[in-house]
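Report on the structure given below.
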4 protein chains.
Amino acid sequence: MQSCIDICNRCAQTCLQTAMNQCLEMGGRHVEPEHFRLMICCAEMCQLSANFMLSNSPFHTRTCEVCAEICEACAKDCASIGDMDECVSICRKCAESCKQMASMATH
Amino acid sequence: MQSCIDICNRCAQTCLQTAMNQCLEMGGRHVEPEHFRLMICCAEMCQLSANFMLSNSPFHTRTCEVCAEICEACAKDCASIGDMDECVSICRKCAESCKQMASMATH
Amino acid sequence: MQSCIDICNRCAQTCLQTAMNQCLEMGGRHVEPEHFRLMICCAEMCQLSANFMLSNSPFHTRTCEVCAEICEACAKDCASIGDMDECVSICRKCAESCKQMASMATH
Amino acid sequence: MQSCIDICNRCAQTCLQTAMNQCLEMGGRHVEPEHFRLMICCAEMCQLSANFMLSNSPFHTRTCEVCAEICEACAKDCASIGDMDECVSICRKCAESCKQMASMATH
């Protein structure tokens, strides 16, 4: 579980940092509403997902499941816009790791 | 949607305030790990759920779905422990409202 | 204290909702990096400020103090950009209310 | 700045994980209201502090300043209760790192 926590944390940091710096400074498609919202919501979901695992909540399987969906959507969106390789890569890893956590039986 | 945002916010506030004051001060079953974790995680999930709706994220239907499950579990747990009528009542309302949001088609 | 909690919550909601919808959709000066960062950081600080008061933390005077500074800066920035009357008004109220909380003796 | 972000993140994780597992399971002084509130508020402040730095907000010096105070108080409290060496150590490091960030000129 610790490795999924670490990946969620790195993904939250990368999405927030990229959105609030690179995206805002490049403008254009990078601040297109649907893309920018997805980056910010992905960061927030990854942070909550990590917090649920840290807190040992049995609902972490459910939050990891939703987190995996959002990370997958964010990876696709970032890949189609381009110039966001780091974001694409960490979002894919996070989606994979969260999907595995979600598939484990809880309690 | 605004009414669901308002209910999620009130539920987040009530759970956090009750856990950090009443539960910690009463002790006993109120600080039993599974109960206390549920209160804190419920507060965090309701806050994220409200933020996703405020941000107009299409994933709000997914986060509302999980929020409804956690609120329902929290309402049941608080009811079985007793002395937590306000929490029980707002968690039930929030579960109901989030379930409705989750069942609507998005975008 | 409850009225300051309510104002902080409304301010957090207004800043997040305005940034993620109106600002992203209008573009131009509304997504200028310094302005947009301030809106998002103001929303996050108001939420933390409310949570510290709800948790009855003695550090709420310190977080309210910083929250007042950020809300004041956000009100000024929104006023200079224009078309953001609701944000200007709630940020000013929140700055005022947080300044009062910060000036009270704690414990 | 990246090293302060990393330390804030580790401190947020350690405080939340320790509070929601070790403290709740050990009970007694570990769930005494003032101690437990401090742990949870410290975790939340460290997370916000990291987010302000990631977002490149000029207010990160102010949030780091308050974060340093809370981490110092949390380190002292954990040390006096005992059995919390990891928390004491990371809170001290985080207080030190945030104090340095706060003392730097911004912009």
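Scheme for the structure tokens: letters A, B, ... for chains in order shown; per-chain residue numbers from 1; ligand numbers from 1 in order shown.
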
Return as a tab-separated table the residues of chain B lying at most 10 Å from chain C, together with the closest atom-to-atom pair for each and the distance in Å to one decimal, counting only C-alpha atoms, with rows in chain order and ascending residue number.
```
residue	atom	partner	partner_atom	distance
B:Ile5	CA	C:Gln13	CA	9.4
B:Asp6	CA	C:Gln13	CA	9.9
B:Asn9	CA	C:Asn9	CA	8.2
B:Arg10	CA	C:Asn9	CA	9.9
B:Ala12	CA	C:Asn51	CA	9.6
B:Gln13	CA	C:Leu54	CA	7.1
B:Thr14	CA	C:Leu54	CA	8.6
B:Cys15	CA	C:Leu54	CA	9.7
B:Leu16	CA	C:Leu54	CA	6.9
B:Gln17	CA	C:Leu54	CA	5.0
B:Thr18	CA	C:Ser55	CA	8.6
B:Ala19	CA	C:Ser55	CA	8.3
B:Met20	CA	C:Ser55	CA	5.2
B:Asn21	CA	C:Ser55	CA	6.7
B:Gln47	CA	C:Gln47	CA	9.3
B:Ala50	CA	C:Gln13	CA	8.7
B:Asn51	CA	C:Leu16	CA	7.7
B:Phe52	CA	C:Gln17	CA	9.6
B:Met53	CA	C:Gln17	CA	8.7
B:Leu54	CA	C:Gln17	CA	5.0
B:Ser55	CA	C:Met20	CA	5.2
B:Asn56	CA	C:Asn21	CA	7.4
B:Ser57	CA	C:Met20	CA	9.3
```

Env of region 64-74 of chain C: 6 Å cut, atoms = only C-alpha atoms, seq-sep filter 3 positions within chain, self excluded. Answer as a PDB file with N, CA and C atoms, in the first residue's frame.
```
ATOM      1  N   CYS C  42      -6.391  31.422  -2.416  1.00  0.00           N
ATOM      2  CA  CYS C  42      -7.349  32.051  -1.511  1.00  0.00           C
ATOM      3  C   CYS C  42      -8.420  31.030  -1.110  1.00  0.00           C
ATOM      4  N   MET C  45      -6.826  28.525   1.323  1.00  0.00           N
ATOM      5  CA  MET C  45      -6.553  29.107   2.646  1.00  0.00           C
ATOM      6  C   MET C  45      -7.841  29.307   3.443  1.00  0.00           C
ATOM      7  N   SER C  49      -8.674  27.660   6.995  1.00  0.00           N
ATOM      8  CA  SER C  49      -9.020  28.568   8.084  1.00  0.00           C
ATOM      9  C   SER C  49     -10.322  28.130   8.764  1.00  0.00           C
ATOM     10  N   HIS C  60      -5.896  28.871  15.207  1.00  0.00           N
ATOM     11  CA  HIS C  60      -6.820  29.506  14.254  1.00  0.00           C
ATOM     12  C   HIS C  60      -6.570  31.018  14.171  1.00  0.00           C
ATOM     13  N   THR C  61      -6.035  31.605  15.246  1.00  0.00           N
ATOM     14  CA  THR C  61      -5.754  33.055  15.164  1.00  0.00           C
ATOM     15  C   THR C  61      -4.648  33.326  14.141  1.00  0.00           C
ATOM     16  N   ASP C  77      -7.012  42.390  -6.360  1.00  0.00           N
ATOM     17  CA  ASP C  77      -6.694  41.872  -7.681  1.00  0.00           C
ATOM     18  C   ASP C  77      -7.963  41.701  -8.520  1.00  0.00           C
ATOM     19  N   CYS C  91     -14.550  38.433  -0.561  1.00  0.00           N
ATOM     20  CA  CYS C  91     -13.162  38.467  -0.087  1.00  0.00           C
ATOM     21  C   CYS C  91     -12.959  39.607   0.927  1.00  0.00           C
ATOM     22  N   ALA C  95     -11.882  38.993   4.741  1.00  0.00           N
ATOM     23  CA  ALA C  95     -10.681  39.635   5.282  1.00  0.00           C
ATOM     24  C   ALA C  95     -11.024  40.337   6.600  1.00  0.00           C
ATOM     25  N   CYS C  98     -11.854  37.699   9.387  1.00  0.00           N
ATOM     26  CA  CYS C  98     -10.656  36.975   9.821  1.00  0.00           C
ATOM     27  C   CYS C  98      -9.727  37.886  10.629  1.00  0.00           C
ATOM     28  N   LYS C  99      -9.662  39.156  10.241  1.00  0.00           N
ATOM     29  CA  LYS C  99      -8.831  40.107  10.993  1.00  0.00           C
ATOM     30  C   LYS C  99      -9.335  40.219  12.435  1.00  0.00           C
ATOM     31  N   ALA C 102      -8.410  37.076  14.325  1.00  0.00           N
ATOM     32  CA  ALA C 102      -6.973  37.040  14.599  1.00  0.00           C
ATOM     33  C   ALA C 102      -6.590  37.943  15.761  1.00  0.00           C
TER      34      ALA C 102
END
```

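The coordinates place CA of Ile90 (chain B) at 26.1 Å from CA of Ile90 (chain C).
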
As JSON, numbers by chain, list the residues of chain B assigned to alpha helix (DSSP H) by DSSP on the backbone atoms of this structure.
-> {"B": [2, 3, 4, 5, 6, 7, 8, 9, 10, 11, 12, 13, 14, 15, 16, 17, 24, 25, 26, 33, 34, 35, 36, 37, 38, 39, 40, 41, 42, 43, 44, 45, 46, 47, 48, 49, 50, 51, 52, 53, 54, 60, 61, 62, 63, 64, 65, 66, 67, 68, 69, 70, 71, 72, 73, 74, 75, 76, 77, 78, 79, 80, 81, 85, 86, 87, 88, 89, 90, 91, 92, 93, 94, 95, 96, 97, 98, 99, 100, 101, 102, 103]}

Two-atom distance - CA of Cys11 (chain C), CA of Cys41 (chain A) (Å) | 19.1 Å

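Put simply, CA of Gly27 (chain D) is 26.4 Å away from CA of Leu48 (chain C).
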